[in-house]
file run27.txt (compact mmCIF, C-alpha atoms)
# COMPACT_ATOMS: atom_id res chain seq x y z
CA MET A 1 -99.37 -25.55 6.23
CA ASN A 2 -103.03 -24.69 6.20
CA ASP A 3 -104.51 -22.10 8.54
CA GLU A 4 -105.63 -24.56 11.17
CA GLN A 5 -102.16 -26.16 11.27
CA LEU A 6 -100.61 -22.72 11.73
CA VAL A 7 -102.98 -22.03 14.62
CA ALA A 8 -101.97 -25.33 16.22
CA ALA A 9 -98.29 -24.44 15.74
CA VAL A 10 -98.78 -21.03 17.40
CA LEU A 11 -100.59 -22.67 20.30
CA ALA A 12 -97.72 -25.16 20.58
CA GLY A 13 -95.29 -22.29 21.13
CA ARG A 14 -94.25 -21.20 17.64
CA GLN A 15 -95.60 -17.63 17.89
CA ASP A 16 -93.79 -16.56 14.72
CA ASP A 17 -96.21 -18.67 12.69
CA PHE A 18 -98.96 -16.19 13.55
CA GLY A 19 -97.20 -13.75 11.22
CA GLU A 20 -97.98 -16.08 8.33
CA LEU A 21 -101.68 -15.92 9.20
CA VAL A 22 -101.46 -12.13 9.26
CA ARG A 23 -99.72 -12.11 5.86
CA ARG A 24 -102.40 -14.38 4.39
CA TYR A 25 -105.37 -12.34 5.54
CA GLN A 26 -104.23 -8.77 6.08
CA GLY A 27 -105.12 -7.45 2.62
CA ARG A 28 -108.54 -9.08 2.48
CA LEU A 29 -109.33 -8.10 6.06
CA VAL A 30 -108.40 -4.43 5.53
CA ASN A 31 -110.42 -4.37 2.31
CA TYR A 32 -113.43 -5.91 4.06
CA LEU A 33 -113.21 -3.48 6.97
CA PHE A 34 -112.74 -0.52 4.62
CA ARG A 35 -116.02 -1.36 2.91
CA ILE A 36 -117.74 -1.13 6.27
CA VAL A 37 -116.03 1.90 7.87
CA HIS A 38 -115.20 3.84 4.66
CA ASN A 39 -111.81 5.03 5.90
CA THR A 40 -108.49 3.48 4.96
CA GLU A 41 -106.62 4.45 8.10
CA GLU A 42 -109.45 3.27 10.36
CA ALA A 43 -109.66 0.00 8.41
CA HIS A 44 -105.93 -0.59 8.95
CA ASP A 45 -106.24 0.23 12.65
CA LEU A 46 -109.23 -2.06 13.02
CA ALA A 47 -107.40 -4.87 11.21
CA GLN A 48 -104.51 -4.58 13.68
CA GLU A 49 -106.98 -4.63 16.55
CA VAL A 50 -108.69 -7.71 15.10
CA PHE A 51 -105.41 -9.59 14.69
CA PHE A 52 -104.46 -8.66 18.26
CA LYS A 53 -107.82 -9.91 19.58
CA VAL A 54 -107.52 -13.10 17.56
CA TYR A 55 -104.00 -13.72 18.82
CA LEU A 56 -105.07 -13.26 22.44
CA ALA A 57 -108.08 -15.54 21.99
CA LEU A 58 -106.37 -18.14 19.81
CA ASP A 59 -106.78 -20.83 22.44
CA SER A 60 -110.58 -20.47 22.11
CA PHE A 61 -110.46 -21.22 18.36
CA ASP A 62 -112.41 -24.36 17.49
CA PRO A 63 -110.38 -26.30 14.88
CA ARG A 64 -113.55 -27.96 13.58
CA TYR A 65 -114.23 -24.68 11.78
CA ARG A 66 -112.16 -22.67 9.36
CA PHE A 67 -109.83 -20.02 10.74
CA SER A 68 -110.93 -17.50 8.09
CA THR A 69 -114.55 -17.79 9.21
CA TRP A 70 -113.60 -17.07 12.80
CA LEU A 71 -111.28 -14.22 11.81
CA PHE A 72 -113.97 -12.48 9.75
CA ARG A 73 -116.55 -12.94 12.51
CA VAL A 74 -114.20 -11.16 14.93
CA ALA A 75 -113.65 -8.47 12.27
CA GLN A 76 -117.36 -8.04 11.68
CA ASN A 77 -118.01 -7.61 15.41
CA ALA A 78 -115.12 -5.16 15.75
CA ALA A 79 -116.43 -3.09 12.82
CA ILE A 80 -119.93 -3.00 14.26
CA ASP A 81 -118.58 -1.92 17.65
CA PHE A 82 -116.46 0.73 15.96
CA LEU A 83 -119.43 2.13 14.04
CA ARG A 84 -121.51 2.28 17.20
CA LYS A 85 -118.80 4.26 18.98
CA ARG A 86 -117.95 6.57 16.11
CA ARG A 87 -119.47 9.99 16.35
CA LEU A 88 -119.83 12.32 13.43
CA LYS A 89 -117.58 15.33 13.69
CA VAL A 90 -119.07 18.62 12.58
CA VAL A 91 -116.65 20.76 10.64
CA SER A 92 -117.46 24.20 9.35
CA ILE A 93 -116.98 24.70 5.66
CA ASN A 94 -116.22 28.34 6.33
CA ARG A 95 -112.84 29.76 7.35
CA LEU A 96 -111.85 33.19 8.47
CA ASP A 97 -110.01 35.46 6.06
CA GLY A 98 -106.60 36.35 7.48
CA GLU A 99 -106.88 40.03 6.59
CA THR A 100 -110.54 40.91 7.13
CA GLY A 101 -111.60 38.23 9.60
CA GLU A 102 -114.68 37.59 7.44
CA PRO A 103 -115.89 34.02 6.90
CA GLN A 104 -114.94 32.57 3.51
CA GLU A 105 -115.64 29.22 1.93
CA TRP A 106 -112.75 26.85 1.34
CA GLU A 107 -111.67 26.31 -2.23
CA LEU A 108 -111.62 22.57 -2.61
CA PRO A 109 -109.64 20.94 -5.38
CA SER A 110 -111.64 19.30 -8.11
CA PRO A 111 -111.76 15.51 -7.89
CA ASP A 112 -111.63 15.29 -11.71
CA ARG A 113 -108.38 14.12 -13.23
CA GLY A 114 -109.06 15.99 -16.39
CA PRO A 115 -111.72 16.01 -19.02
CA TYR A 116 -110.54 12.89 -20.84
CA GLY A 117 -108.96 10.78 -18.09
CA ASP A 118 -110.60 7.83 -16.56
CA LEU A 119 -113.60 9.84 -15.42
CA ARG A 120 -116.09 7.25 -16.63
CA ASN A 121 -114.40 4.49 -14.63
CA THR A 122 -114.39 6.72 -11.58
CA GLU A 123 -118.09 7.40 -12.06
CA ARG A 124 -118.82 3.71 -12.43
CA GLY A 125 -116.81 2.88 -9.32
CA GLY A 126 -118.70 5.49 -7.37
CA ALA A 127 -121.99 4.27 -8.74
CA ILE A 128 -121.18 0.70 -7.75
CA GLU A 129 -120.17 1.71 -4.24
CA GLY A 130 -123.24 3.92 -3.93
CA ALA A 131 -125.50 1.11 -5.12
CA ILE A 132 -123.94 -1.29 -2.61
CA GLU A 133 -124.50 1.27 0.16
CA GLU A 134 -128.19 1.54 -0.81
CA LEU A 135 -128.76 -2.20 -0.44
CA PRO A 136 -130.52 -3.40 2.69
CA TRP A 137 -127.93 -4.47 5.28
CA GLU A 138 -128.73 -8.21 4.95
CA TYR A 139 -127.69 -8.11 1.27
CA ARG A 140 -124.95 -5.48 1.52
CA GLU A 141 -123.18 -7.44 4.26
CA LEU A 142 -123.12 -10.63 2.18
CA ILE A 143 -121.93 -8.75 -0.93
CA LEU A 144 -119.09 -7.21 1.10
CA MET A 145 -118.09 -10.55 2.58
CA ARG A 146 -118.12 -12.32 -0.77
CA HIS A 147 -116.60 -9.72 -3.08
CA TYR A 148 -114.44 -7.58 -0.80
CA GLY A 149 -113.66 -10.07 1.96
CA GLU A 150 -113.25 -12.82 -0.67
CA LEU A 151 -114.96 -15.35 1.57
CA SER A 152 -116.35 -18.54 0.10
CA TYR A 153 -120.06 -19.29 0.20
CA ASP A 154 -119.38 -21.94 2.84
CA ASP A 155 -117.41 -19.50 5.00
CA ILE A 156 -120.20 -16.92 4.78
CA ALA A 157 -122.81 -19.54 5.66
CA SER A 158 -120.79 -20.58 8.67
CA LEU A 159 -120.06 -17.02 9.73
CA LYS A 160 -123.68 -15.91 9.43
CA GLU A 161 -125.04 -19.22 10.72
CA MET A 162 -127.28 -19.52 7.66
CA PRO A 163 -127.95 -22.47 5.38
CA LEU A 164 -125.71 -22.43 2.30
CA GLY A 165 -128.75 -22.18 0.01
CA THR A 166 -129.94 -19.07 1.85
CA VAL A 167 -126.54 -17.41 1.41
CA LYS A 168 -126.51 -18.19 -2.31
CA ASN A 169 -130.08 -16.97 -2.69
CA LYS A 170 -129.46 -13.71 -0.84
CA LEU A 171 -126.27 -13.07 -2.81
CA PHE A 172 -128.19 -13.68 -6.04
CA ARG A 173 -130.94 -11.28 -4.94
CA GLY A 174 -128.38 -8.70 -3.84
CA ARG A 175 -126.63 -8.89 -7.20
CA GLN A 176 -129.97 -8.56 -8.99
CA MET A 177 -130.72 -5.42 -6.96
CA LEU A 178 -127.29 -4.04 -7.86
CA LYS A 179 -127.85 -4.83 -11.52
CA GLN A 180 -131.17 -3.00 -11.42
CA LYS A 181 -129.65 0.03 -9.67
CA LEU A 182 -126.74 0.12 -12.12
CA SER A 183 -128.71 -0.47 -15.33
CA ASP A 184 -127.82 3.01 -16.69
CA TYR A 185 -124.08 2.32 -16.33
CA LEU A 186 -124.26 -1.20 -17.68
CA THR A 187 -125.84 -0.10 -20.97
CA ASP A 188 -123.00 2.31 -21.87
call {"tool": "encode", "arguments": {"input": "run27.txt", "output": "C-alpha cells"}}
result
Amino acid sequence: MNDEQLVAAVLAGRQDDFGELVRRYQGRLVNYLFRIVHNTEEAHDLAQEVFFKVYLALDSFDPRYRFSTWLFRVAQNAAIDFLRKRRLKVVSINRLDGETGEPQEWELPSPDRGPYGDLRNTERGGAIEGAIEELPWEYRELILMRHYGELSYDDIASLKEMPLGTVKNKLFRGRQMLKQKLSDYLTD
C-alpha cells in the first residue's frame, strides 16, 4: 500500500498500519531533524514528537497531497519551534582540583583516530557540514530537505509552496555555493 492508502486504513480503524508509516520515514525524518538541531538524541525525540502530532492530526491530512510532504512540513515546524525554545547552556571549561581546590582545565580526548586513519574523510565531512551551515537559510533548508530528508523536488516544491523551477534553481545555486566553498577539498 502507498502512504495515502495507509493513512486511509488508519483512519478506518486499523491503527497498526501507522507503524508502517513510521518504519518508512523514521530514518529519513531523524536524519533531516539532526541536520537542523545538530543533536542525535534531540533529533530522535523530535521525530517521536512529530509522529505523535501527525497521528493525532491524521484526520486533517488532505489526501490530494503526498503524506511525506505533510510529514516533513510538521517536522520542519517542530524543529523551528524547538530551536526557538532551546537556550544555550553555559558550561565552565574549568574544574576544581580535588586536592588543592584550584581551577584546572579539563583534559579532553583527541578527536583524531590516529595519524593515518580516515582523518581526511573526517575533515571533508566536517568541511561539507560547515559549508552547508554557512549557506543562507533559503538554500541550506532546501539542501537539507533534498539530500538529508531525501525529499523529491516535487515534495519540496509542495512543502515550501514554491514553483518547481524555483526549487530546482535554488538547489542548483546552493550546490554551486557549496562547490565554491569546498573547492580546496575537491581538488585533493
call {"tool": "atom_distance", "arguments": {"input": "run27.txt", "atom1": "atom CA of Asp17 of chain A", "atom2": "atom CA of Ile36 of chain A"}}
result
28.5 Å
call {"tool": "atom_distance", "arguments": {"input": "run27.txt", "atom1": "atom CA of Phe52 of chain A", "atom2": "atom CA of Asn31 of chain A"}}
result
17.6 Å
call {"tool": "residues_around", "arguments": {"input": "run27.txt", "residues": "Arg175 of chain A", "least_positions_apart": "6", "cutoff": "10 Å", "atoms": "all atoms listed in the file", "output": "list in words"}}
result
Ile132, Leu135, Tyr139, Arg140, Ile143, Asn169 and Lys181 of chain A
call {"tool": "closest_residue", "arguments": {"input": "run27.txt", "among": "A:Asn77, A:Gln180, A:Ser60, A:Thr69", "to": "Asp154 of chain A", "atoms": "only C-alpha atoms"}}
result
A:Thr69
call {"tool": "closest_residue", "arguments": {"input": "run27.txt", "among": "A:Gln26, A:Asn39, A:Gln76, A:Ser183", "to": "Lys160 of chain A", "atoms": "only C-alpha atoms"}}
result
A:Gln76
